[in-house]
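Quick look at coords_18.cif (mmCIF, C-alpha atoms):
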```cif
data_input
#
loop_
_atom_site.label_atom_id
_atom_site.label_comp_id
_atom_site.auth_asym_id
_atom_site.auth_seq_id
_atom_site.Cartn_x
_atom_site.Cartn_y
_atom_site.Cartn_z
CA MET A 1313 98.12 111.49 -50.63
CA CYS A 1314 96.09 114.21 -48.94
CA GLY A 1315 92.50 114.52 -49.99
CA ALA A 1316 92.34 111.15 -51.78
CA THR A 1317 88.92 109.66 -51.27
CA ALA A 1318 88.18 105.96 -51.47
CA GLY A 1319 86.80 105.03 -54.89
CA GLY A 1320 87.40 108.60 -55.92
CA LEU A 1321 89.20 108.00 -59.20
CA SER A 1322 87.73 110.47 -61.68
CA LEU A 1323 85.91 109.08 -64.72
CA ASP A 1324 86.22 112.32 -66.67
CA GLY A 1325 86.96 111.65 -70.32
CA ILE A 1326 85.99 107.98 -70.17
CA ASP A 1327 82.98 106.77 -72.13
CA VAL A 1328 81.64 104.51 -69.40
CA ASP A 1329 78.83 103.27 -71.65
CA LYS A 1330 81.40 101.51 -73.86
CA GLU A 1331 83.82 100.21 -71.22
CA ALA A 1332 83.79 97.57 -68.50
CA VAL A 1333 85.74 99.54 -65.96
CA VAL A 1334 87.30 97.85 -62.94
CA GLN A 1335 88.97 100.33 -60.63
CA GLY A 1336 89.74 100.99 -57.03
CA GLN A 1337 92.35 101.65 -54.43
CA VAL A 1338 94.94 99.63 -52.55
CA VAL A 1339 95.16 100.53 -48.87
CA ARG A 1340 97.09 99.40 -45.81
CA ASP A 1341 95.72 100.37 -42.40
CA GLY A 1342 93.46 102.84 -44.19
CA GLU A 1343 96.39 104.56 -45.97
CA PRO A 1344 96.80 104.43 -49.76
CA VAL A 1345 99.61 102.18 -51.08
CA GLY A 1346 101.29 103.93 -54.00
CA ASN A 1347 103.85 101.27 -54.92
CA ALA A 1348 101.65 98.23 -55.36
CA TYR A 1349 101.09 96.21 -58.54
CA VAL A 1350 97.62 94.98 -59.48
CA ARG A 1351 97.25 92.17 -62.03
CA LEU A 1352 94.05 91.45 -63.96
CA LEU A 1353 93.57 87.71 -64.47
CA ASP A 1354 90.84 86.29 -66.69
CA ARG A 1355 88.27 83.63 -65.70
CA THR A 1356 90.85 80.88 -66.24
CA GLY A 1357 93.48 82.64 -64.14
CA GLU A 1358 95.46 83.69 -67.22
CA PHE A 1359 97.30 87.00 -67.06
CA THR A 1360 95.60 89.82 -68.96
CA ALA A 1361 97.17 93.05 -67.73
CA GLU A 1362 99.02 94.63 -64.85
CA VAL A 1363 99.27 98.21 -63.60
CA PRO A 1364 101.22 99.92 -60.84
CA THR A 1365 99.08 101.93 -58.43
CA SER A 1366 99.21 105.72 -58.56
CA ALA A 1367 100.58 107.82 -55.72
CA SER A 1368 97.07 107.79 -54.25
CA GLY A 1369 96.92 103.97 -54.43
CA HIS A 1370 94.47 103.95 -57.32
CA PHE A 1371 94.34 101.59 -60.27
CA ARG A 1372 92.02 101.12 -63.25
CA PHE A 1373 91.47 98.45 -65.88
CA PHE A 1374 89.36 98.41 -68.99
CA ALA A 1375 88.14 94.82 -68.80
CA ALA A 1376 85.30 93.03 -70.58
CA ASP A 1377 82.07 91.36 -69.48
CA GLY A 1378 82.66 88.57 -67.02
CA GLU A 1379 84.41 87.51 -63.85
CA TRP A 1380 88.00 88.58 -63.20
CA THR A 1381 90.55 88.21 -60.45
CA LEU A 1382 92.57 91.15 -59.16
CA ARG A 1383 95.91 89.97 -57.75
CA THR A 1384 97.75 92.59 -55.74
CA LEU A 1385 101.46 92.53 -54.92
CA ALA A 1386 103.10 95.15 -52.72
CA PRO A 1387 106.34 95.49 -50.76
CA ARG A 1388 106.23 93.74 -47.39
CA ALA A 1389 102.74 92.31 -48.00
CA GLU A 1390 101.18 88.96 -48.76
CA THR A 1391 99.62 88.63 -52.22
CA VAL A 1392 95.89 89.41 -52.12
CA ASP A 1393 93.37 87.96 -54.63
CA ARG A 1394 89.92 89.49 -55.10
CA THR A 1395 87.30 88.43 -57.63
CA VAL A 1396 85.24 91.07 -59.36
CA ARG A 1397 82.47 91.04 -61.97
CA ALA A 1398 82.82 93.51 -64.80
CA ALA A 1399 80.17 94.58 -67.30
CA VAL A 1400 80.25 97.01 -70.20
CA GLY A 1401 78.47 100.19 -69.14
CA SER A 1402 79.31 99.88 -65.47
CA VAL A 1403 82.17 100.71 -63.09
CA ALA A 1404 83.18 98.05 -60.57
CA GLU A 1405 84.80 99.75 -57.58
CA VAL A 1406 87.10 97.62 -55.43
CA THR A 1407 89.03 98.55 -52.32
CA ILE A 1408 91.90 96.17 -51.66
CA ALA A 1409 93.17 96.09 -48.09
CA LEU A 1410 96.62 94.59 -47.55
CA MET B 1323 123.97 81.93 -73.83
CA SER B 1324 122.83 80.94 -70.41
CA ARG B 1325 121.11 82.35 -67.36
CA ASP B 1326 124.48 83.47 -65.91
CA SER B 1327 125.43 85.61 -68.89
CA ALA B 1328 122.00 86.92 -69.90
CA LEU B 1329 120.24 87.66 -66.63
CA VAL B 1330 121.26 89.77 -63.63
CA SER B 1331 119.60 90.11 -60.25
CA ALA B 1332 118.47 93.32 -58.57
CA GLN B 1333 121.30 92.76 -56.10
CA TRP B 1334 123.86 92.64 -58.93
CA VAL B 1335 122.49 95.88 -60.37
CA GLU B 1336 122.66 97.58 -57.00
CA GLU B 1337 126.30 96.54 -56.67
CA HIS B 1338 127.08 97.99 -60.13
CA LEU B 1339 125.23 101.32 -59.87
CA ASP B 1340 128.51 103.25 -59.88
CA ASP B 1341 130.25 101.15 -62.54
CA PRO B 1342 130.68 103.47 -65.55
CA LYS B 1343 130.83 100.51 -67.96
CA VAL B 1344 127.41 99.25 -66.89
CA VAL B 1345 124.58 101.16 -68.57
CA LEU B 1346 121.08 100.69 -67.25
CA ILE B 1347 118.28 101.33 -69.73
CA GLU B 1348 114.59 101.40 -68.83
CA VAL B 1349 112.15 100.45 -71.60
CA ASP B 1350 108.45 100.67 -70.83
CA GLU B 1351 105.16 100.43 -72.59
CA ASP B 1352 103.98 103.25 -70.34
CA THR B 1353 106.87 105.59 -71.07
CA ALA B 1354 105.72 107.97 -68.33
CA ALA B 1355 106.79 105.41 -65.70
CA TYR B 1356 110.46 106.35 -66.08
CA ASP B 1357 109.77 110.02 -65.43
CA LYS B 1358 108.09 109.22 -62.11
CA GLY B 1359 111.19 107.42 -60.91
CA HIS B 1360 113.89 105.13 -62.26
CA ILE B 1361 116.97 103.28 -61.10
CA ARG B 1362 119.81 105.72 -60.51
CA GLY B 1363 121.74 106.44 -63.69
CA ALA B 1364 119.29 104.64 -65.98
CA LEU B 1365 118.59 105.95 -69.47
CA LYS B 1366 115.14 105.77 -71.06
CA LEU B 1367 114.30 104.27 -74.43
CA ASP B 1368 110.85 104.74 -75.88
CA TRP B 1369 109.99 101.61 -77.84
CA THR B 1370 107.51 103.41 -80.11
CA THR B 1371 109.58 106.44 -81.06
CA ASP B 1372 113.21 105.37 -80.51
CA LEU B 1373 113.04 101.79 -81.80
CA GLN B 1374 110.39 101.94 -84.56
CA ASP B 1375 110.64 103.59 -87.94
CA GLN B 1376 108.05 106.36 -87.87
CA VAL B 1377 106.91 105.83 -91.47
CA ARG B 1378 107.27 102.17 -92.50
CA ARG B 1379 106.36 99.28 -90.21
CA ASP B 1380 109.92 98.27 -89.38
CA PHE B 1381 112.77 98.93 -87.02
CA VAL B 1382 115.05 101.94 -87.15
CA SER B 1383 117.97 101.43 -89.54
CA LYS B 1384 121.48 100.52 -88.47
CA ALA B 1385 122.53 104.17 -88.92
CA GLN B 1386 119.58 105.40 -86.84
CA PHE B 1387 120.36 102.88 -84.11
CA GLU B 1388 123.98 104.03 -84.08
CA ALA B 1389 122.90 107.67 -83.82
CA LEU B 1390 120.45 106.84 -81.03
CA LEU B 1391 122.98 104.97 -78.87
CA SER B 1392 125.74 107.50 -79.56
CA SER B 1393 123.55 110.40 -78.45
CA ARG B 1394 122.49 108.56 -75.29
CA GLY B 1395 126.07 107.75 -74.38
CA VAL B 1396 126.17 103.98 -74.89
CA ALA B 1397 129.55 102.58 -76.00
CA ASN B 1398 130.17 99.32 -77.86
CA ASP B 1399 132.04 97.82 -74.92
CA ASP B 1400 129.45 98.80 -72.30
CA THR B 1401 127.46 96.17 -70.46
CA VAL B 1402 123.85 97.10 -71.22
CA VAL B 1403 121.31 96.08 -68.59
CA LEU B 1404 117.69 96.41 -69.68
CA TYR B 1405 114.69 96.54 -67.40
CA GLY B 1406 111.13 97.78 -67.57
CA GLY B 1407 107.56 97.50 -66.40
CA ASN B 1408 104.94 95.01 -67.49
CA ASN B 1409 107.14 92.06 -66.53
CA ASN B 1410 109.98 93.17 -68.78
CA TRP B 1411 107.96 92.77 -72.01
CA PHE B 1412 109.48 95.79 -73.68
CA ALA B 1413 112.84 95.33 -71.98
CA ALA B 1414 113.00 91.82 -73.46
CA TYR B 1415 111.99 93.29 -76.79
CA ALA B 1416 114.84 95.81 -76.50
CA TYR B 1417 117.23 93.02 -75.45
CA TRP B 1418 116.38 91.12 -78.62
CA TYR B 1419 116.75 94.36 -80.58
CA PHE B 1420 120.23 95.05 -79.14
CA LYS B 1421 121.20 91.48 -80.08
CA LEU B 1422 119.77 92.01 -83.57
CA TYR B 1423 122.17 94.92 -84.05
CA GLY B 1424 125.03 92.96 -82.55
CA HIS B 1425 125.63 94.51 -79.14
CA GLN B 1426 128.05 92.17 -77.37
CA ASP B 1427 127.12 92.33 -73.70
CA VAL B 1428 123.42 92.72 -72.98
CA ARG B 1429 121.64 91.56 -69.84
CA LEU B 1430 118.10 91.65 -68.54
CA LEU B 1431 117.29 92.58 -64.94
CA ASP B 1432 115.36 89.61 -63.55
CA GLY B 1433 111.89 90.79 -62.53
CA GLY B 1434 112.38 94.22 -64.06
CA ARG B 1435 111.05 97.35 -62.50
CA LYS B 1436 108.38 95.52 -60.52
CA LYS B 1437 110.79 93.28 -58.62
CA TRP B 1438 112.98 96.31 -57.92
CA GLU B 1439 110.00 98.16 -56.46
CA LEU B 1440 108.65 95.16 -54.55
CA ASP B 1441 112.09 94.88 -52.93
CA SER B 1442 111.70 98.55 -51.87
CA ARG B 1443 114.91 99.47 -53.68
CA GLU B 1444 115.70 103.10 -54.44
CA LEU B 1445 114.28 105.02 -57.42
CA THR B 1446 115.20 108.57 -58.37
CA ASP B 1447 113.87 111.23 -60.74
CA GLU B 1448 117.35 112.62 -61.36
CA PRO B 1449 118.26 112.58 -65.06
CA PRO B 1450 121.35 110.53 -65.95
CA ALA B 1451 124.50 112.18 -67.26
CA ARG B 1452 126.53 110.33 -69.91
CA GLU B 1453 129.07 111.54 -72.44
CA VAL B 1454 128.17 111.21 -76.11
CA THR B 1455 129.85 108.21 -77.78
CA SER B 1456 130.50 107.00 -81.30
CA TYR B 1457 128.55 103.75 -81.43
CA THR B 1458 128.95 101.26 -84.27
CA ALA B 1459 126.23 98.66 -84.83
CA GLN B 1460 126.47 95.42 -86.83
CA GLU B 1461 124.24 94.49 -89.75
CA GLN B 1462 120.99 92.90 -88.50
CA ASP B 1463 121.47 89.33 -87.30
CA THR B 1464 118.53 87.75 -89.08
CA SER B 1465 119.31 84.40 -87.46
CA ILE B 1466 117.09 85.67 -84.62
CA ARG B 1467 114.44 87.51 -86.67
CA ALA B 1468 111.74 85.66 -88.61
CA PHE B 1469 109.86 87.14 -91.57
CA ARG B 1470 106.44 86.15 -92.88
CA ASP B 1471 107.49 83.79 -95.66
CA GLU B 1472 109.64 81.65 -93.41
CA VAL B 1473 106.82 81.52 -90.89
CA VAL B 1474 104.48 80.14 -93.53
CA GLU B 1475 107.18 77.64 -94.55
CA ALA B 1476 107.67 76.65 -90.91
CA ILE B 1477 104.13 75.29 -90.56
CA GLY B 1478 104.45 71.62 -89.71
CA VAL B 1479 108.25 71.81 -90.04
CA LYS B 1480 109.56 73.94 -87.16
CA ASN B 1481 108.21 74.61 -83.69
CA LEU B 1482 105.85 77.55 -83.76
CA VAL B 1483 105.14 78.94 -80.31
CA ASP B 1484 102.18 81.28 -79.93
CA VAL B 1485 102.68 83.11 -76.64
CA ARG B 1486 99.36 84.98 -76.58
CA SER B 1487 96.57 84.18 -74.14
CA PRO B 1488 94.38 81.13 -74.90
CA ASP B 1489 91.49 83.44 -75.82
CA GLU B 1490 93.58 85.17 -78.49
CA TYR B 1491 95.05 81.88 -79.73
CA SER B 1492 91.62 80.33 -80.18
CA GLY B 1493 90.26 83.41 -81.90
CA ARG B 1494 87.75 84.25 -79.17
CA LEU B 1495 89.53 87.58 -78.69
CA MET B 1496 91.42 89.79 -81.15
CA ALA B 1497 93.47 91.46 -78.43
CA PRO B 1498 93.66 91.17 -74.64
CA ALA B 1499 91.44 93.46 -72.59
CA HIS B 1500 92.97 96.67 -71.30
CA LEU B 1501 95.82 96.83 -73.83
CA PRO B 1502 95.94 98.94 -77.01
CA GLN B 1503 93.82 97.09 -79.55
CA GLU B 1504 96.13 96.79 -82.57
CA GLN B 1505 94.36 94.17 -84.63
CA ALA B 1506 94.73 91.83 -87.56
CA GLN B 1507 92.03 91.26 -90.16
CA ARG B 1508 91.38 87.73 -88.90
CA ALA B 1509 91.40 86.00 -85.50
CA GLY B 1510 92.94 82.61 -84.71
CA HIS B 1511 96.42 81.10 -84.87
CA ILE B 1512 98.97 79.61 -87.26
CA PRO B 1513 98.35 75.87 -87.87
CA THR B 1514 100.52 73.58 -85.69
CA ALA B 1515 101.50 76.39 -83.29
CA ALA B 1516 101.73 75.41 -79.63
CA ASN B 1517 100.08 77.84 -77.21
CA VAL B 1518 102.35 78.72 -74.29
CA PRO B 1519 101.33 82.11 -72.88
CA TRP B 1520 104.43 84.18 -72.03
CA SER B 1521 103.17 84.54 -68.47
CA LYS B 1522 103.70 80.82 -67.80
CA ALA B 1523 107.45 81.48 -67.95
CA ALA B 1524 107.40 84.08 -65.19
CA ASN B 1525 106.58 84.20 -61.51
CA ASP B 1526 104.09 86.76 -60.19
CA ASP B 1527 106.95 89.09 -59.22
CA GLY B 1528 108.15 89.10 -62.83
CA THR B 1529 111.25 86.93 -62.29
CA PHE B 1530 111.78 83.97 -64.60
CA LYS B 1531 110.98 80.45 -63.48
CA SER B 1532 113.83 77.97 -63.07
CA ASP B 1533 115.42 76.31 -66.09
CA ASP B 1534 113.89 72.95 -65.10
CA GLU B 1535 110.41 74.44 -64.83
CA LEU B 1536 110.84 76.25 -68.15
CA LYS B 1537 112.09 73.16 -69.98
CA GLN B 1538 109.13 71.17 -68.65
CA LEU B 1539 106.67 73.90 -69.66
CA TYR B 1540 107.64 73.82 -73.34
CA THR B 1541 108.12 70.05 -73.41
CA ASP B 1542 104.57 69.58 -72.09
CA ALA B 1543 103.28 71.96 -74.78
CA GLY B 1544 104.81 69.77 -77.47
CA VAL B 1545 107.96 71.71 -78.34
CA ASP B 1546 110.38 69.36 -80.13
CA TRP B 1547 113.86 70.29 -78.86
CA GLY B 1548 115.42 68.83 -81.98
CA LYS B 1549 113.77 71.43 -84.20
CA ASP B 1550 114.23 75.14 -84.82
CA THR B 1551 111.68 77.43 -83.19
CA ILE B 1552 109.81 80.62 -84.10
CA ALA B 1553 107.94 82.52 -81.39
CA TYR B 1554 105.17 85.00 -82.11
CA CYS B 1555 102.47 86.99 -80.34
CA ARG B 1556 100.40 89.97 -81.54
CA ILE B 1557 102.96 92.73 -82.10
CA GLY B 1558 106.21 90.92 -81.25
CA GLU B 1559 106.94 92.10 -77.73
CA ARG B 1560 105.53 89.28 -75.60
CA SER B 1561 107.24 86.83 -77.97
CA SER B 1562 110.57 88.57 -77.28
CA HIS B 1563 110.09 87.51 -73.67
CA THR B 1564 109.66 83.88 -74.78
CA TRP B 1565 112.51 84.19 -77.30
CA PHE B 1566 114.69 85.28 -74.37
CA VAL B 1567 113.63 82.22 -72.37
CA LEU B 1568 114.28 79.73 -75.18
CA LYS B 1569 117.45 81.25 -76.64
CA GLU B 1570 119.16 83.02 -73.76
CA LEU B 1571 118.07 81.10 -70.66
CA LEU B 1572 117.66 77.58 -72.05
CA GLY B 1573 120.40 78.06 -74.65
CA GLU B 1574 118.50 76.67 -77.65
CA GLN B 1575 120.45 77.40 -80.82
CA ASN B 1576 117.96 78.32 -83.52
CA VAL B 1577 115.18 80.44 -82.09
CA LYS B 1578 113.68 83.37 -83.93
CA ASN B 1579 111.23 86.06 -82.93
CA TYR B 1580 108.58 86.88 -85.52
CA ASP B 1581 108.05 90.59 -84.87
CA GLY B 1582 105.38 90.88 -87.54
CA SER B 1583 103.43 88.44 -85.38
CA TRP B 1584 99.65 88.09 -85.54
CA THR B 1585 98.99 91.67 -86.67
CA GLU B 1586 100.88 90.76 -89.85
CA TYR B 1587 100.09 87.05 -90.26
CA GLY B 1588 96.38 87.53 -89.51
CA SER B 1589 96.17 90.15 -92.24
CA LEU B 1590 97.95 88.14 -94.97
CA VAL B 1591 95.88 87.03 -97.95
CA GLY B 1592 95.62 83.29 -98.51
CA VAL B 1593 97.56 81.90 -95.53
CA PRO B 1594 96.05 79.09 -93.43
CA VAL B 1595 94.47 80.02 -90.09
CA VAL B 1596 93.08 77.76 -87.37
CA LEU B 1597 90.26 78.70 -85.01
CA GLY B 1598 89.74 76.99 -81.66
CA ASP B 1599 91.94 75.53 -78.95
CA ASP B 1600 93.54 72.75 -81.04
CA ALA B 1601 96.86 73.42 -82.76
CA GLY B 1602 95.57 72.05 -86.05
CA SER B 1603 97.63 70.46 -88.80
CA LEU B 1604 99.38 71.51 -91.98
CA ASP B 1605 96.22 70.81 -93.98
CA ASP B 1606 93.94 72.79 -91.71
CA GLY B 1607 92.72 76.23 -92.52
CA SER B 1608 93.93 76.25 -96.12
CA ALA B 1609 91.63 76.88 -99.01
#
```
Turn this file's structure into structure tokens for me.
Amino acid sequence: MCGATAGGLSLDGIDVDKEAVVQGQVVRDGEPVGNAYVRLLDRTGEFTAEVPTSASGHFRFFAADGEWTLRTLAPRAETVDRTVRAAVGSVAEVTIAL
Amino acid sequence: MSRDSALVSAQWVEEHLDDPKVVLIEVDEDTAAYDKGHIRGALKLDWTTDLQDQVRRDFVSKAQFEALLSSRGVANDDTVVLYGGNNNWFAAYAYWYFKLYGHQDVRLLDGGRKKWELDSRELTDEPPAREVTSYTAQEQDTSIRAFRDEVVEAIGVKNLVDVRSPDEYSGRLMAPAHLPQEQAQRAGHIPTAANVPWSKAANDDGTFKSDDELKQLYTDAGVDWGKDTIAYCRIGERSSHTWFVLKELLGEQNVKNYDGSWTEYGSLVGVPVVLGDDAGSLDDGSA
């Protein structure tokens, strides 16, 4: 999508002080991937949530304090796992390259 | 029931897109997903407004269900194929719901919307066009729906399968992160319940694991195949997914979904509750 900036998902309307936000963008060769699925797995690898990426490749989770794994599935791509640390009051930005 | 009669592949759906007797219905938690794009010809059902009574905590009545399906153009002899996001949670819930009201031929699209998209199959934003019908539902088939009293009586007698995450089962969490936080008064699980998270029954792409893998999964968790089974979760949708596995894929006879689930049980006065990772026994958690 034109004008989409990396890590540019707006936090308007979100009380960041009360949330452990994990968000970011899925890209392939620098271009956003709008039909990917990102899964949030807890510290034991157990499924917690899953979201499709937006047209601009963005995703967002409201997690909790601790370490999480982001597992990304997309058409014609290998599955990509990334670990991320979330904390209430902060925003963890992750760019996932396929 | 078996895998062949309850589950269809994306390929099968693609081959039946122009079959007027096959009705595709998308059911999502995020009901905006459908509007962004859906399988050609698919109708949308909103699980919160279409399938829930808007005053009492219960399902829509038989008459309301009949009016709903008639207005959407679903006939009694149509093959209904359900699919949705979030690994078919709400599609499985709708499948169970269609069975509850006696629809004859219902199928689930294996992998749901995600598998369809990962396969790069076509989605459209064109609204479907179907003629209004005169749908007749059956009385609720309560052989697949469990209520609170029979759940309490099932402790130590039937298989209870808690399909929530281990953190919810143990009482460390009241609800999973990220999801709407509908909560009970108390955390924990029903004594003697086995914990088999719904996700263990599915592959990452949302398709179901093989029958052999599924059978092994529940056997290892202590499910006694000679006993009746009740599945529950927090609000009854993830447990529909497991109900589908046990009843429709593995063909177990007496499997019920407890749609009241933890948000009801964990708010009941005087019932036994177990905290921690162990299943606990009949005597645990009681006063």
Restricting the calculation to only C-alpha atoms, which member of A:Arg1394, A:Arg1340, A:Lys1330, A:Arg1355 is positioned closest to Glu1379 of chain A?
A:Arg1355
To one decimal place, how far is atom CA of Ala1523 of chain B from atom CA of Leu1536 of chain B in Å?
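Separating atom CA of Ala1523 of chain B from atom CA of Leu1536 of chain B is a distance of 6.2 Å.
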Cut-off 12 Å around (84.8, 107.1, -69.7) with only C-alpha atoms: residues as a list in words:
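Taken together, the residues in range are Leu1321, Ser1322, Leu1323, Asp1324, Gly1325, Ile1326, Asp1327, Val1328, Asp1329, Lys1330, Glu1331, Ala1332, Val1333, Val1334, Arg1372, Phe1373, Phe1374, Val1400, Gly1401, Ser1402 and Val1403 of chain A.
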Select, from A:Val1339, A:Val1345, A:Val1363, A:Leu1352, the residue with the minimum atom-to-atom distance to Glu1351 of chain B, counting all atoms listed in the file.
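Closest candidate: A:Val1363.
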If we count all atoms listed in the file, which residues of chain B reach to within 8 Å of chain A? Please list them as a PDB file with C-alpha atoms, keeping the file's coordinate frame.
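The result, written out as iface20.pdb:
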```pdb
ATOM      1  CA  ASN B1408     104.940  95.010 -67.490  1.00  0.00           C
ATOM      2  CA  LYS B1436     108.380  95.520 -60.520  1.00  0.00           C
ATOM      3  CA  GLU B1439     110.000  98.160 -56.460  1.00  0.00           C
ATOM      4  CA  LEU B1440     108.650  95.160 -54.550  1.00  0.00           C
ATOM      5  CA  ASP B1441     112.090  94.880 -52.930  1.00  0.00           C
ATOM      6  CA  SER B1442     111.700  98.550 -51.870  1.00  0.00           C
ATOM      7  CA  SER B1487      96.570  84.180 -74.140  1.00  0.00           C
ATOM      8  CA  PRO B1498      93.660  91.170 -74.640  1.00  0.00           C
ATOM      9  CA  ALA B1499      91.440  93.460 -72.590  1.00  0.00           C
ATOM     10  CA  HIS B1500      92.970  96.670 -71.300  1.00  0.00           C
ATOM     11  CA  LEU B1501      95.820  96.830 -73.830  1.00  0.00           C
ATOM     12  CA  SER B1521     103.170  84.540 -68.470  1.00  0.00           C
ATOM     13  CA  ASP B1527     106.950  89.090 -59.220  1.00  0.00           C
TER      14      ASP B1527
END
```
So which residues touch segment 1332-1340 of chain B within 12 Å, counting all atoms listed in the file, skipping near sequence neighbours fewer than 6 positions away, as a PyMOL selection string?
chain B and resi 1326+1346-1347+1361-1364+1401-1405+1429-1445+1450+1528-1529
How many Å separate atom CA of Asn1525 of chain B from atom CA of Asn1576 of chain B?
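Atom-to-atom, atom CA of Asn1525 of chain B and atom CA of Asn1576 of chain B are spaced 25.5 Å apart.
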